[in-house]
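*Asks:* This is the content of coords-v4.csv (CSV, C-alpha atoms and all ligand atoms):
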```csv
chain,number,residue,atom,x,y,z
C,1,MET,CA,0.0,0.0,0.0
C,2,SER,CA,1.3,3.4,-0.9
C,3,ALA,CA,2.0,6.3,1.6
C,4,GLU,CA,-1.1,8.2,0.3
C,5,LYS,CA,-3.3,5.2,1.0
C,6,TYR,CA,-2.1,5.2,4.6
C,7,LEU,CA,-2.9,8.9,4.8
C,8,GLU,CA,-6.3,8.3,3.4
C,9,MET,CA,-6.8,5.5,5.9
C,10,ALA,CA,-5.7,7.7,8.8
C,11,ILE,CA,-8.2,10.4,7.7
C,12,ALA,CA,-11.2,8.3,7.0
C,13,VAL,CA,-11.2,5.1,9.1
C,14,PRO,CA,-12.4,5.1,12.7
C,15,LEU,CA,-9.5,4.5,15.1
C,16,ASN,CA,-10.9,1.4,16.7
C,17,GLN,CA,-11.1,-0.3,13.3
C,18,ILE,CA,-7.4,0.6,12.6
C,19,LEU,CA,-6.4,-0.6,16.1
C,20,ALA,CA,-8.2,-3.9,15.6
C,21,GLU,CA,-6.1,-4.5,12.5
C,22,HIS,CA,-2.8,-2.9,13.8
C,23,PRO,CA,-2.7,-3.3,17.6
C,24,ILE,CA,0.8,-1.8,17.5
C,25,CYS,CA,-0.8,1.6,16.9
C,26,ARG,CA,-1.7,1.8,20.6
C,27,ASP,CA,2.0,2.5,21.2
C,28,PHE,CA,1.9,5.5,18.9
C,29,PHE,CA,-0.9,7.1,21.0
C,30,MET,CA,0.6,6.0,24.3
C,31,ASN,CA,3.8,7.7,23.4
C,32,LEU,CA,2.0,11.0,22.7
C,33,ARG,CA,0.0,10.5,25.9
C,34,LEU,CA,-3.2,10.4,23.9
C,35,GLN,CA,-4.8,7.4,25.5
C,36,ASP,CA,-8.2,9.1,26.1
C,37,LEU,CA,-9.3,9.7,22.5
C,38,ASP,CA,-12.7,8.8,21.3
C,39,TRP,CA,-11.7,5.6,19.5
C,40,ASN,CA,-15.0,5.5,17.5
C,41,LEU,CA,-14.0,8.5,15.5
C,42,PRO,CA,-11.4,8.8,12.8
C,43,LEU,CA,-8.2,10.5,14.0
C,44,MET,CA,-8.8,14.1,13.0
C,45,GLN,CA,-12.3,14.2,14.6
C,46,ALA,CA,-11.0,12.4,17.7
C,47,LEU,CA,-8.3,15.0,18.1
C,48,ASP,CA,-10.9,17.8,17.7
C,49,HIS,CA,-12.8,16.3,20.7
C,50,SER,CA,-9.8,15.8,22.8
C,51,ASP,CA,-7.8,17.9,25.3
C,52,GLN,CA,-6.0,20.4,23.1
C,53,GLU,CA,-3.3,21.0,25.7
C,54,ALA,CA,-2.3,17.3,25.6
C,55,ILE,CA,-1.8,17.7,21.8
C,56,SER,CA,0.3,20.8,21.9
C,57,GLU,CA,2.4,19.5,24.8
C,58,PHE,CA,4.6,17.7,22.3
C,59,GLY,CA,4.9,20.8,20.0
C,60,LEU,CA,2.6,19.0,17.5
C,61,ASP,CA,-0.6,20.1,15.8
C,62,ARG,CA,-3.4,18.0,14.4
C,63,GLY,CA,-1.9,18.0,10.9
C,64,MET,CA,1.5,16.8,12.1
C,65,ILE,CA,0.0,14.0,14.2
C,66,LEU,CA,-2.0,12.9,11.2
C,67,ARG,CA,1.1,12.8,9.1
C,68,GLU,CA,3.2,11.0,11.6
C,69,PHE,CA,0.4,8.5,12.2
C,70,SER,CA,0.2,7.6,8.6
C,71,LEU,CA,4.0,7.2,8.4
C,72,PHE,CA,3.8,5.0,11.4
C,73,LEU,CA,1.1,2.9,9.9
C,74,GLU,CA,3.1,2.6,6.7
C,75,ALA,CA,6.3,1.6,8.5
C,76,PHE,CA,4.7,-0.9,10.8
C,77,SER,CA,2.3,-2.6,8.4
C,78,ARG,CA,5.4,-3.3,6.3
C,79,VAL,CA,7.2,-5.1,9.0
C,80,ALA,CA,4.0,-6.8,10.3
C,81,ALA,CA,3.2,-8.3,6.9
C,82,ASP,CA,3.8,-12.0,6.5
C,83,ALA,CA,6.6,-13.1,4.2
C,84,ALA,CA,5.4,-13.2,0.7
C,85,ALA,CA,7.4,-16.3,-0.1
C,86,ILE,CA,8.8,-15.7,-3.5
C,87,ARG,CA,11.7,-17.3,-5.3
C,88,SER,CA,12.5,-15.0,-8.2
C,89,LEU,CA,11.9,-11.6,-9.8
C,90,THR,CA,12.1,-11.2,-13.6
C,91,ILE,CA,12.7,-7.9,-15.3
C,92,ILE,CA,11.2,-7.9,-18.8
C,93,GLY,CA,13.1,-5.2,-20.6
C,94,GLY,CA,11.4,-2.0,-21.8
C,95,HIS,CA,13.2,0.9,-23.5
C,96,GLY,CA,15.8,3.5,-22.8
C,97,LYS,CA,15.4,7.2,-22.8
C,98,SER,CA,15.7,7.5,-26.6
C,99,GLY,CA,13.3,4.6,-27.1
C,100,GLU,CA,16.1,2.0,-27.7
C,101,PRO,CA,15.1,-1.5,-26.7
C,102,GLU,CA,16.5,-3.0,-23.5
C,103,ILE,CA,17.9,-6.5,-22.8
C,104,THR,CA,14.9,-8.8,-23.3
C,105,GLN,CA,14.6,-10.3,-19.9
C,106,TRP,CA,16.6,-11.3,-16.8
C,107,THR,CA,15.8,-13.1,-13.6
C,108,ALA,CA,17.1,-12.6,-10.0
C,109,THR,CA,16.6,-15.4,-7.5
C,110,VAL,CA,16.6,-15.3,-3.7
C,111,GLY,CA,20.0,-15.2,-2.0
C,112,GLU,CA,21.3,-12.9,-4.8
C,113,ILE,CA,22.8,-9.5,-4.2
C,114,ILE,CA,22.7,-7.3,-7.3
C,115,SER,CA,24.4,-4.0,-7.5
C,116,ILE,CA,23.2,-1.3,-10.0
C,117,VAL,CA,25.9,1.0,-11.4
C,118,GLY,CA,25.8,3.8,-13.9
C,119,PRO,CA,26.3,7.6,-14.2
C,120,THR,CA,24.1,10.0,-12.3
C,121,GLY,CA,20.8,10.4,-14.1
C,122,SER,CA,21.1,7.2,-16.0
C,123,GLY,CA,18.1,5.5,-14.4
C,124,LYS,CA,19.3,3.5,-11.3
C,125,SER,CA,16.7,4.9,-9.0
C,126,ARG,CA,14.1,4.4,-11.7
C,127,LEU,CA,14.9,0.7,-11.9
C,128,LEU,CA,14.5,0.4,-8.2
C,129,ALA,CA,11.2,2.2,-8.4
C,130,ASP,CA,10.0,-0.2,-11.2
C,131,ILE,CA,10.8,-3.1,-9.0
C,132,GLU,CA,9.0,-1.5,-6.0
C,133,CYS,CA,5.8,-0.9,-7.9
C,134,LEU,CA,6.0,-4.1,-9.9
C,135,ALA,CA,5.9,-2.1,-13.1
C,136,ASP,CA,3.5,-3.4,-15.7
C,137,GLY,CA,4.6,-1.4,-18.7
C,138,ASP,CA,3.0,1.6,-17.0
C,139,THR,CA,6.2,3.5,-16.1
C,140,PRO,CA,8.5,5.7,-18.3
C,141,THR,CA,10.7,2.7,-19.0
C,142,GLY,CA,8.0,0.3,-20.2
C,143,ARG,CA,9.5,-2.4,-18.1
C,144,ARG,CA,7.5,-5.3,-16.6
C,145,ILE,CA,8.3,-7.1,-13.4
C,146,HIS,CA,7.2,-10.7,-13.0
C,147,VAL,CA,7.2,-12.6,-9.8
C,148,ASP,CA,8.1,-16.3,-9.8
C,149,GLY,CA,8.0,-16.2,-13.6
C,150,ARG,CA,4.4,-15.0,-13.7
C,151,GLU,CA,2.7,-11.7,-14.4
C,152,VAL,CA,1.1,-10.3,-11.2
C,153,ASP,CA,-2.6,-9.5,-11.5
C,154,GLU,CA,-4.2,-6.6,-9.8
C,155,GLY,CA,-5.5,-8.6,-6.9
C,156,GLN,CA,-2.1,-10.1,-6.1
C,157,ARG,CA,-0.5,-6.8,-6.6
C,158,PHE,CA,-2.7,-5.3,-4.0
C,159,ASP,CA,-2.1,-8.3,-1.6
C,160,MET,CA,1.6,-8.0,-2.0
C,161,GLU,CA,1.9,-4.2,-1.6
C,162,GLY,CA,4.1,-3.4,1.2
C,163,LYS,CA,5.0,-7.0,1.9
C,164,LEU,CA,7.3,-7.7,-1.0
C,165,VAL,CA,9.7,-4.9,-0.7
C,166,ALA,CA,11.7,-3.3,2.1
C,167,GLN,CA,13.2,0.1,1.1
C,168,LEU,CA,16.2,1.4,2.8
C,169,SER,CA,16.6,5.1,2.0
C,170,GLN,CA,19.2,7.7,3.0
C,171,ASN,CA,16.9,9.4,5.4
C,172,MET,CA,15.9,7.6,8.6
C,173,ASN,CA,13.4,9.9,10.2
C,174,PHE,CA,12.4,8.3,13.4
C,175,VAL,CA,9.0,9.6,14.4
C,176,MET,CA,9.2,8.9,18.1
C,177,ASP,CA,11.6,9.2,20.9
C,178,LEU,CA,12.0,5.5,21.6
C,179,THR,CA,15.1,3.8,22.9
C,180,VAL,CA,16.8,1.3,20.5
C,181,LYS,CA,15.4,-1.5,22.7
C,182,GLU,CA,11.8,-0.2,22.5
C,183,PHE,CA,12.2,0.3,18.7
C,184,LEU,CA,13.3,-3.3,18.3
C,185,GLU,CA,10.6,-4.6,20.7
C,186,MET,CA,8.0,-2.9,18.6
C,187,HIS,CA,9.1,-4.6,15.5
C,188,ALA,CA,9.5,-7.9,17.2
C,189,GLY,CA,6.1,-7.5,18.8
C,190,SER,CA,4.3,-6.5,15.6
C,191,ARG,CA,5.8,-9.6,13.9
C,192,MET,CA,4.8,-11.9,16.8
C,193,THR,CA,8.2,-13.3,16.7
C,194,ARG,CA,8.1,-16.3,19.0
C,195,ASP,CA,11.4,-15.7,20.6
C,196,ALA,CA,11.3,-11.9,20.6
C,197,GLU,CA,14.0,-11.5,23.3
C,198,HIS,CA,16.4,-13.5,21.2
C,199,ALA,CA,15.5,-11.7,18.0
C,200,ILE,CA,16.1,-8.3,19.6
C,201,ALA,CA,19.4,-9.3,21.1
C,202,ARG,CA,20.6,-10.7,17.7
C,203,CYS,CA,19.4,-7.7,15.8
C,204,PHE,CA,21.1,-5.3,18.2
C,205,GLU,CA,24.3,-7.3,18.0
C,206,CYS,CA,24.2,-7.1,14.2
C,207,ALA,CA,23.6,-3.4,14.2
C,208,ASN,CA,26.5,-2.8,16.5
C,209,GLU,CA,28.8,-4.9,14.3
C,210,LEU,CA,27.9,-2.7,11.4
C,211,ALA,CA,28.1,0.7,13.1
C,212,GLY,CA,31.4,2.4,13.3
C,213,GLU,CA,30.7,3.8,16.7
C,214,LYS,CA,28.9,1.6,19.1
C,215,PHE,CA,25.6,2.4,20.8
C,216,ALA,CA,23.6,1.0,23.6
C,217,LEU,CA,20.2,-0.6,23.9
C,218,ASP,CA,19.0,2.4,25.9
C,219,THR,CA,20.3,4.9,23.4
C,220,LYS,CA,17.4,7.0,22.0
C,221,VAL,CA,16.9,6.4,18.3
C,222,THR,CA,16.7,10.1,17.7
C,223,GLN,CA,20.2,10.4,19.2
C,224,LEU,CA,21.9,7.9,16.9
C,225,SER,CA,24.3,9.3,14.3
C,226,GLY,CA,23.6,8.8,10.6
C,227,GLY,CA,25.8,5.8,10.4
C,228,GLN,CA,24.4,4.2,13.6
C,229,SER,CA,20.8,4.7,12.5
C,230,ARG,CA,21.5,3.2,9.1
C,231,ALA,CA,23.2,0.3,10.8
C,232,LEU,CA,20.1,-0.2,12.9
C,233,MET,CA,17.8,-0.1,9.9
C,234,ILE,CA,20.0,-2.6,7.9
C,235,ALA,CA,20.1,-5.0,10.8
C,236,ASP,CA,16.4,-4.5,11.4
C,237,THR,CA,15.7,-5.3,7.7
C,238,ALA,CA,17.9,-8.4,7.8
C,239,CYS,CA,16.7,-9.8,11.1
C,240,MET,CA,13.1,-8.6,11.6
C,241,SER,CA,11.6,-7.8,8.2
C,242,SER,CA,10.1,-10.7,6.3
C,243,SER,CA,10.0,-8.8,3.0
C,244,PRO,CA,11.9,-11.0,0.5
C,245,VAL,CA,13.1,-8.1,-1.7
C,246,VAL,CA,15.3,-5.3,-0.3
C,247,LEU,CA,16.0,-2.2,-2.3
C,248,ILE,CA,18.9,0.1,-1.2
C,249,ASP,CA,19.5,3.4,-3.0
C,250,GLU,CA,23.0,4.7,-2.5
C,251,ILE,CA,24.2,4.1,1.1
C,252,GLU,CA,27.8,5.2,0.6
C,253,ASN,CA,29.4,7.5,3.2
C,254,ALA,CA,27.1,5.9,5.7
C,255,GLY,CA,29.8,5.2,8.4
C,256,ILE,CA,29.0,1.5,8.5
C,257,ASP,CA,30.8,-1.6,7.6
C,258,ARG,CA,29.4,-2.1,4.2
C,259,ARG,CA,30.9,-5.4,3.3
C,260,GLN,CA,29.6,-6.8,6.6
C,261,ALA,CA,26.1,-5.3,5.8
C,262,ILE,CA,26.1,-7.1,2.5
C,263,LYS,CA,27.0,-10.4,4.1
C,264,LEU,CA,24.3,-10.0,6.7
C,265,LEU,CA,21.6,-9.3,4.1
C,266,ALA,CA,22.9,-12.1,1.9
C,267,GLN,CA,22.4,-14.8,4.6
C,268,LYS,CA,18.8,-14.1,4.7
C,269,GLU,CA,17.3,-15.6,1.5
C,270,LYS,CA,16.4,-12.3,0.1
C,271,ILE,CA,16.9,-10.6,-3.2
C,272,VAL,CA,18.9,-7.4,-2.6
C,273,PHE,CA,19.3,-4.6,-5.1
C,274,ILE,CA,21.8,-1.9,-4.3
C,275,SER,CA,22.3,1.2,-6.4
C,276,THR,CA,25.8,2.5,-5.8
C,277,HIS,CA,28.9,4.3,-6.9
C,278,ASP,CA,31.0,2.6,-4.2
C,279,PRO,CA,33.5,0.0,-5.6
C,280,LEU,CA,33.4,-1.9,-2.3
C,281,LEU,CA,29.7,-2.3,-2.5
C,282,ALA,CA,29.5,-2.8,-6.2
C,283,LEU,CA,32.0,-5.6,-6.2
C,284,SER,CA,30.7,-7.3,-3.0
C,285,ALA,CA,27.6,-8.1,-5.0
C,286,ASP,CA,27.3,-11.3,-7.1
C,287,LYS,CA,26.2,-9.4,-10.2
C,288,ARG,CA,25.9,-5.9,-11.3
C,289,LEU,CA,23.5,-4.3,-13.7
C,290,VAL,CA,25.1,-1.5,-15.8
C,291,ILE,CA,22.5,1.2,-16.6
C,292,LYS,CA,23.1,3.5,-19.5
C,293,ASN,CA,20.6,6.1,-20.8
C,294,GLY,CA,17.7,4.5,-19.0
C,295,CYS,CA,18.5,0.9,-20.1
C,296,ILE,CA,20.1,-2.1,-18.4
C,297,SER,CA,22.9,-2.3,-20.9
C,298,ARG,CA,25.0,-5.1,-19.4
C,299,ILE,CA,24.9,-7.7,-16.7
C,300,ILE,CA,28.3,-8.5,-15.3
C,301,GLU,CA,29.0,-11.4,-13.0
C,302,THR,CA,31.6,-10.4,-10.4
C,303,SER,CA,34.7,-12.3,-11.5
C,304,GLU,CA,37.2,-14.1,-9.2
C,305,GLU,CA,39.7,-11.4,-10.1
C,306,GLU,CA,37.3,-8.7,-9.1
C,307,LYS,CA,36.5,-10.5,-5.8
C,308,ASN,CA,40.3,-10.7,-5.3
C,309,CYS,CA,40.5,-6.9,-5.6
C,310,LEU,CA,38.1,-6.5,-2.6
C,311,ASP,CA,40.8,-6.7,0.1
C,312,ALA,CA,43.0,-4.1,-1.6
C,313,ILE,CA,39.9,-1.9,-2.0
C,314,GLU,CA,39.1,-2.3,1.6
C,315,THR,CA,42.6,-1.2,2.5
C,316,LEU,CA,42.3,1.9,0.3
C,317,ASP,CA,39.0,2.6,1.9
C,318,ALA,CA,40.5,2.4,5.4
C,319,THR,CA,43.3,4.7,4.3
C,320,LEU,CA,40.7,7.3,3.2
C,321,LEU,CA,38.8,6.9,6.4
C,322,ARG,CA,42.0,7.5,8.4
C,323,LEU,CA,42.8,10.6,6.4
C,324,ARG,CA,39.3,12.0,6.9
C,325,THR,CA,39.4,11.3,10.6
C,326,ARG,CA,42.7,13.0,11.1
C,327,LEU,CA,41.6,16.0,9.1
C,328,ARG,CA,38.4,16.2,11.1
C,329,HIS,CA,40.3,16.2,14.3
C,330,GLY,CA,42.5,19.0,13.1
C,331,ASP,CA,45.6,16.8,12.7
C,332,GLU,CA,48.3,17.1,10.0
C,333,ILE,CA,48.9,14.5,7.3
C,334,SER,CA,52.1,12.9,6.3
C,335,MET,CA,53.3,10.0,4.1
C,336,ASN,CA,53.2,7.9,7.3
C,337,THR,CA,49.5,8.6,7.6
C,338,LEU,CA,49.0,7.2,4.1
C,339,LYS,CA,51.0,4.1,5.0
C,340,GLY,CA,49.0,3.7,8.2
C,341,GLU,CA,52.1,4.1,10.3
C,342,GLU,CA,50.7,6.8,12.5
N,401,LIG,N1,14.1,4.2,-19.7
N,401,LIG,C1,13.8,5.4,-19.3
N,401,LIG,N2,12.9,6.2,-20.1
N,401,LIG,C2,12.6,7.4,-19.8
N,401,LIG,N3,13.0,8.0,-18.7
N,401,LIG,C3,13.8,7.4,-17.8
N,401,LIG,C4,14.2,6.1,-18.1
N,401,LIG,N4,15.1,5.7,-17.1
N,401,LIG,C5,15.2,6.7,-16.3
N,401,LIG,N5,14.4,7.8,-16.7
N,401,LIG,C6,14.3,9.1,-16.0
N,401,LIG,O1,15.5,9.7,-16.0
N,401,LIG,C7,15.7,10.5,-14.8
N,401,LIG,C8,16.9,10.1,-14.0
N,401,LIG,O2,16.8,8.8,-13.5
N,401,LIG,P1,17.2,8.3,-12.1
N,401,LIG,O3,16.7,6.9,-11.9
N,401,LIG,O4,16.9,9.3,-11.1
N,401,LIG,O5,18.8,8.3,-12.3
N,401,LIG,P2,20.0,7.9,-11.2
N,401,LIG,O6,19.3,7.3,-10.0
N,401,LIG,O7,20.8,6.9,-12.0
N,401,LIG,O8,20.7,9.1,-10.9
N,401,LIG,C9,14.4,10.2,-14.0
N,401,LIG,O9,13.5,11.3,-14.2
N,401,LIG,C10,13.9,8.9,-14.6
N,401,LIG,O10,12.4,8.8,-14.5
N,402,MG,MG,19.4,7.9,-8.0
```
Starting from the coordinates I provided, produce the structure as structure tokens.
*Replies:*
Amino acid sequence: MSAEKYLEMAIAVPLNQILAEHPICRDFFMNLRLQDLDWNLPLMQALDHSDQEAISEFGLDRGMILREFSLFLEAFSRVAADAAAIRSLTIIGGHGKSGEPEITQWTATVGEIISIVGPTGSGKSRLLADIECLADGDTPTGRRIHVDGREVDEGQRFDMEGKLVAQLSQNMNFVMDLTVKEFLEMHAGSRMTRDAEHAIARCFECANELAGEKFALDTKVTQLSGGQSRALMIADTACMSSSPVVLIDEIENAGIDRRQAIKLLAQKEKIVFISTHDPLLALSADKRLVIKNGCISRIIETSEEEKNCLDAIETLDATLLRLRTRLRHGDEISMNTLKGEE
């Protein structure tokens, strides 16, 4: 379901109906100390009839609460959805920006990590968007996406919406001031994970392995650095989300262990697409799609030789990181800094 549909739902549907379907929403209202709403009304009317002081206490107005509620619904319905057990995605080629035909068709299967490379503006994000919406010849590229070798009809498309794909974007805007533990508990709870404690501990451990700087279970999510919050989201996607397809649009400069992140996602029987300019990420994938002028122009399988370059690339990467860190701290640079000897 799209963001707009959640907004429509938040506007039109009485709260108790939403709560019956998504019990996790109680937490949203508890957090804002809005436990005394008239649950028979849709959100906006319920807010009209409630204590206005309670609403403004958090510096929010009705419009903001509505917006945050619909974002919350969207985020949590996604993780709550059952796994749509799929085995493969097939991209049926469309056409490039000048109408030139694309590679006829190509299939990705679960367990594969695919990077997407190409100049800025070539159509990498467009390809991710085509996959997300299960394009049916109805996007600017004319591509079609088949699931398990079959066309997806309208009914299935509706059923799968929000369950098939987890999107990891650059901006993690946490809507509430939860601790990391509470955040993970919510996800574990909404999935009814049998062994929630274990899942939370495992996910937290993964997130900390990925993050450059460590954080604690009682750190507030709003206080995490960019790299830490991305590490948390990647671990959360790998460990908690049941969506079989993960789309990642450019996570470079994220301050996380990217090779480790790829390995973590790869263990999980998912199909992962990553658009990237980062050699470390691009070559960590099994395959890479080269996009040119709106088309998938080549599909390259990462060769042994390329895989063998990864260690050297990682060393280069560490050198750059060391230089950046020293500069940031106001230190001077020498040849020894380059060699890693100081
Ligand atoms: N095959 C295509 N036909 C027409 N327009 C396209 C095609 N592929 C991409 N575009 C458009 O080109 C623009 C740039 O694409 P985008 O995916 O944002 O590039 P990138 O992510 O590689 O920087 C977008 O407006 C996109 O919709
Ligand atoms: Mg892009």
*Asks:* Tell me which protein, DNA and RNA residues are within 9 Å of range 109-113 of chain C, counting only C-alpha atoms, leaving out same-chain ones fewer than 4 positions away, and put them as number ranges by chain.
*Replies:* C: 86-90, 148, 244-245, 262, 265-274, 284-288
*Asks:* Could you list the protein, DNA and RNA residues that have any atom within 7 Å of ligand MG 402 (chain N), counting all atoms listed in the file, and write them as a list in words?
*Replies:*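 The distance check yields Thr120, Gly121, Gly123, Lys124, Ser125 and Asp249 of chain C.
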*Asks:* Taking only C-alpha atoms and all ligand atoms into account, which residues are within 7 Å of ligand LIG 401 (chain N), as an NGL selection string?
*Replies:* :C and (95-97 or 118-127 or 140-141 or 293-295)
*Asks:* If I take CA of Ala135 in chain C and CA of Leu73 in chain C, how far is one from the other in Å, to one decimal?
*Replies:*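 Going from CA of Ala135 in chain C over to CA of Leu73 in chain C, I get 24.0 Å.
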*Asks:* Determine, counting only C-alpha atoms, which protein, DNA and RNA residues have an atom within 8 Å of an atom of Leu232 in chain C; residues of the same chain fewer than 5 positions away are not included. Present the result as an MDAnalysis selection string.
*Replies:* chainID C and resid 204 207:208
*Asks:* In Å to one decimal, how far is CA of Ala75 in chain C from CA of Met160 in chain C?
*Replies:* 15.0 Å
*Asks:* Given the choices C:Leu15, C:Ala282, C:Val246, C:Leu323, which gets closest to Leu310 in chain C if the distance is worked out from all atoms listed in the file?
*Replies:*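 Of C:Leu15, C:Ala282, C:Val246, C:Leu323, the one nearest Leu310 in chain C, counting all atoms listed in the file, is C:Ala282.
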*Asks:* Excluding same-chain residues fewer than 6 positions from Pro42 in chain C, what lies within 6 Å of it counting all atoms listed in the file, as a compact mmCIF listing (two decimals) with C-alpha atoms, keeping the file's coordinate frame?
*Replies:*
```txt
# COMPACT_ATOMS: atom_id res chain seq x y z
CA ALA C 12 -11.20 8.30 7.00
CA VAL C 13 -11.20 5.10 9.10
CA PRO C 14 -12.40 5.10 12.70
CA LEU C 15 -9.50 4.50 15.10
```
*Asks:* Just to confirm, what's the straight-line distance from CA of Ile200 in chain C to CA of Lys214 in chain C in Å (one decimal)?
*Replies:* 16.2 Å
*Asks:* Any idea what's packed within 7 Å of Thr302 in chain C, counting all atoms listed in the file, ignoring anything in its chain fewer than 2 positions away? Could you give it as a list in words?
*Replies:*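 What passes the distance filter is Leu283, Asp286, Lys287, Ile300, Glu304, Glu306 and Lys307 of chain C.
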*Asks:* Using all atoms listed in the file, which of C:Glu209, C:Ser225, C:Ile299, C:Ser241 sits nearest Leu164 in chain C?
*Replies:*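 Counting all atoms listed in the file, the residue closest to Leu164 in chain C is C:Ser241.
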*Asks:* For Met240 in chain C, which residue out of C:Cys206, C:Met9, C:Leu338, C:Val147 is the nearest one, using all atoms listed in the file?
*Replies:*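 Checking each candidate against Met240 in chain C, we get C:Cys206 as the closest.
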*Asks:* Pick the closest to Lys263 in chain C from C:Glu4, C:Leu210, C:Asp27, C:Asp311: which is it, counting all atoms listed in the file?
*Replies:*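 Looking at the shortest contact to Lys263 in chain C, the residue is C:Leu210.
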*Asks:* Give me, as a PDB file with C-alpha atoms, keeping the file's coordinate frame, all polymer residues having an atom no more than 12 Å from Thr337 in chain C, counting all atoms listed in the file and skipping those fewer than 3 positions away in the same chain.
*Replies:*
```
ATOM      1  CA  ALA C 318      40.500   2.400   5.400  1.00  0.00           C
ATOM      2  CA  THR C 319      43.300   4.700   4.300  1.00  0.00           C
ATOM      3  CA  LEU C 320      40.700   7.300   3.200  1.00  0.00           C
ATOM      4  CA  LEU C 321      38.800   6.900   6.400  1.00  0.00           C
ATOM      5  CA  ARG C 322      42.000   7.500   8.400  1.00  0.00           C
ATOM      6  CA  LEU C 323      42.800  10.600   6.400  1.00  0.00           C
ATOM      7  CA  ARG C 324      39.300  12.000   6.900  1.00  0.00           C
ATOM      8  CA  THR C 325      39.400  11.300  10.600  1.00  0.00           C
ATOM      9  CA  ARG C 326      42.700  13.000  11.100  1.00  0.00           C
ATOM     10  CA  LEU C 327      41.600  16.000   9.100  1.00  0.00           C
ATOM     11  CA  ASP C 331      45.600  16.800  12.700  1.00  0.00           C
ATOM     12  CA  GLU C 332      48.300  17.100  10.000  1.00  0.00           C
ATOM     13  CA  ILE C 333      48.900  14.500   7.300  1.00  0.00           C
ATOM     14  CA  SER C 334      52.100  12.900   6.300  1.00  0.00           C
ATOM     15  CA  GLY C 340      49.000   3.700   8.200  1.00  0.00           C
ATOM     16  CA  GLU C 341      52.100   4.100  10.300  1.00  0.00           C
ATOM     17  CA  GLU C 342      50.700   6.800  12.500  1.00  0.00           C
TER      18      GLU C 342
END
```
*Asks:* Between C:Ala231, C:Ile18, C:Ala10, C:Leu60, which has the minimum distance to Leu43 in chain C (counting all atoms listed in the file)?
*Replies:*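 Smallest distance to Leu43 in chain C is found for C:Ala10.
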*Asks:* For range 121-133 of chain C, which lacks atoms in the input, supply N, CA and C atoms and format the output as a PDB file, in the coordinates of the input.
*Replies:*
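To be explicit, this is the file written out as result01.pdb:
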```pdb
ATOM      1  N   GLY C 121      21.821  10.098 -13.114  1.00  0.00           N
ATOM      2  CA  GLY C 121      20.800  10.400 -14.100  1.00  0.00           C
ATOM      3  C   GLY C 121      20.558   9.340 -15.121  1.00  0.00           C
ATOM      4  N   SER C 122      21.276   8.202 -14.995  1.00  0.00           N
ATOM      5  CA  SER C 122      21.100   7.200 -16.000  1.00  0.00           C
ATOM      6  C   SER C 122      19.891   6.293 -15.801  1.00  0.00           C
ATOM      7  N   GLY C 123      19.353   6.304 -14.583  1.00  0.00           N
ATOM      8  CA  GLY C 123      18.100   5.500 -14.400  1.00  0.00           C
ATOM      9  C   GLY C 123      18.230   4.437 -13.315  1.00  0.00           C
ATOM     10  N   LYS C 124      19.167   4.563 -12.376  1.00  0.00           N
ATOM     11  CA  LYS C 124      19.300   3.500 -11.300  1.00  0.00           C
ATOM     12  C   LYS C 124      18.119   3.571 -10.378  1.00  0.00           C
ATOM     13  N   SER C 125      17.785   4.778  -9.911  1.00  0.00           N
ATOM     14  CA  SER C 125      16.700   4.900  -9.000  1.00  0.00           C
ATOM     15  C   SER C 125      15.357   4.464  -9.660  1.00  0.00           C
ATOM     16  N   ARG C 126      15.269   4.784 -10.947  1.00  0.00           N
ATOM     17  CA  ARG C 126      14.100   4.400 -11.700  1.00  0.00           C
ATOM     18  C   ARG C 126      13.893   2.900 -11.741  1.00  0.00           C
ATOM     19  N   LEU C 127      14.998   2.190 -11.918  1.00  0.00           N
ATOM     20  CA  LEU C 127      14.900   0.700 -11.900  1.00  0.00           C
ATOM     21  C   LEU C 127      14.422   0.204 -10.574  1.00  0.00           C
ATOM     22  N   LEU C 128      14.947   0.782  -9.487  1.00  0.00           N
ATOM     23  CA  LEU C 128      14.500   0.400  -8.200  1.00  0.00           C
ATOM     24  C   LEU C 128      12.995   0.660  -8.003  1.00  0.00           C
ATOM     25  N   ALA C 129      12.576   1.820  -8.520  1.00  0.00           N
ATOM     26  CA  ALA C 129      11.200   2.200  -8.400  1.00  0.00           C
ATOM     27  C   ALA C 129      10.299   1.231  -9.243  1.00  0.00           C
ATOM     28  N   ASP C 130      10.783   0.812 -10.406  1.00  0.00           N
ATOM     29  CA  ASP C 130      10.000  -0.200 -11.200  1.00  0.00           C
ATOM     30  C   ASP C 130       9.829  -1.456 -10.477  1.00  0.00           C
ATOM     31  N   ILE C 131      10.879  -1.875  -9.758  1.00  0.00           N
ATOM     32  CA  ILE C 131      10.800  -3.100  -9.000  1.00  0.00           C
ATOM     33  C   ILE C 131       9.791  -2.923  -7.853  1.00  0.00           C
ATOM     34  N   GLU C 132       9.901  -1.772  -7.179  1.00  0.00           N
ATOM     35  CA  GLU C 132       9.000  -1.500  -6.000  1.00  0.00           C
ATOM     36  C   GLU C 132       7.558  -1.576  -6.398  1.00  0.00           C
ATOM     37  N   CYS C 133       7.229  -0.953  -7.538  1.00  0.00           N
ATOM     38  CA  CYS C 133       5.800  -0.900  -7.900  1.00  0.00           C
ATOM     39  C   CYS C 133       5.374  -2.053  -8.759  1.00  0.00           C
TER      40      CYS C 133
END
```
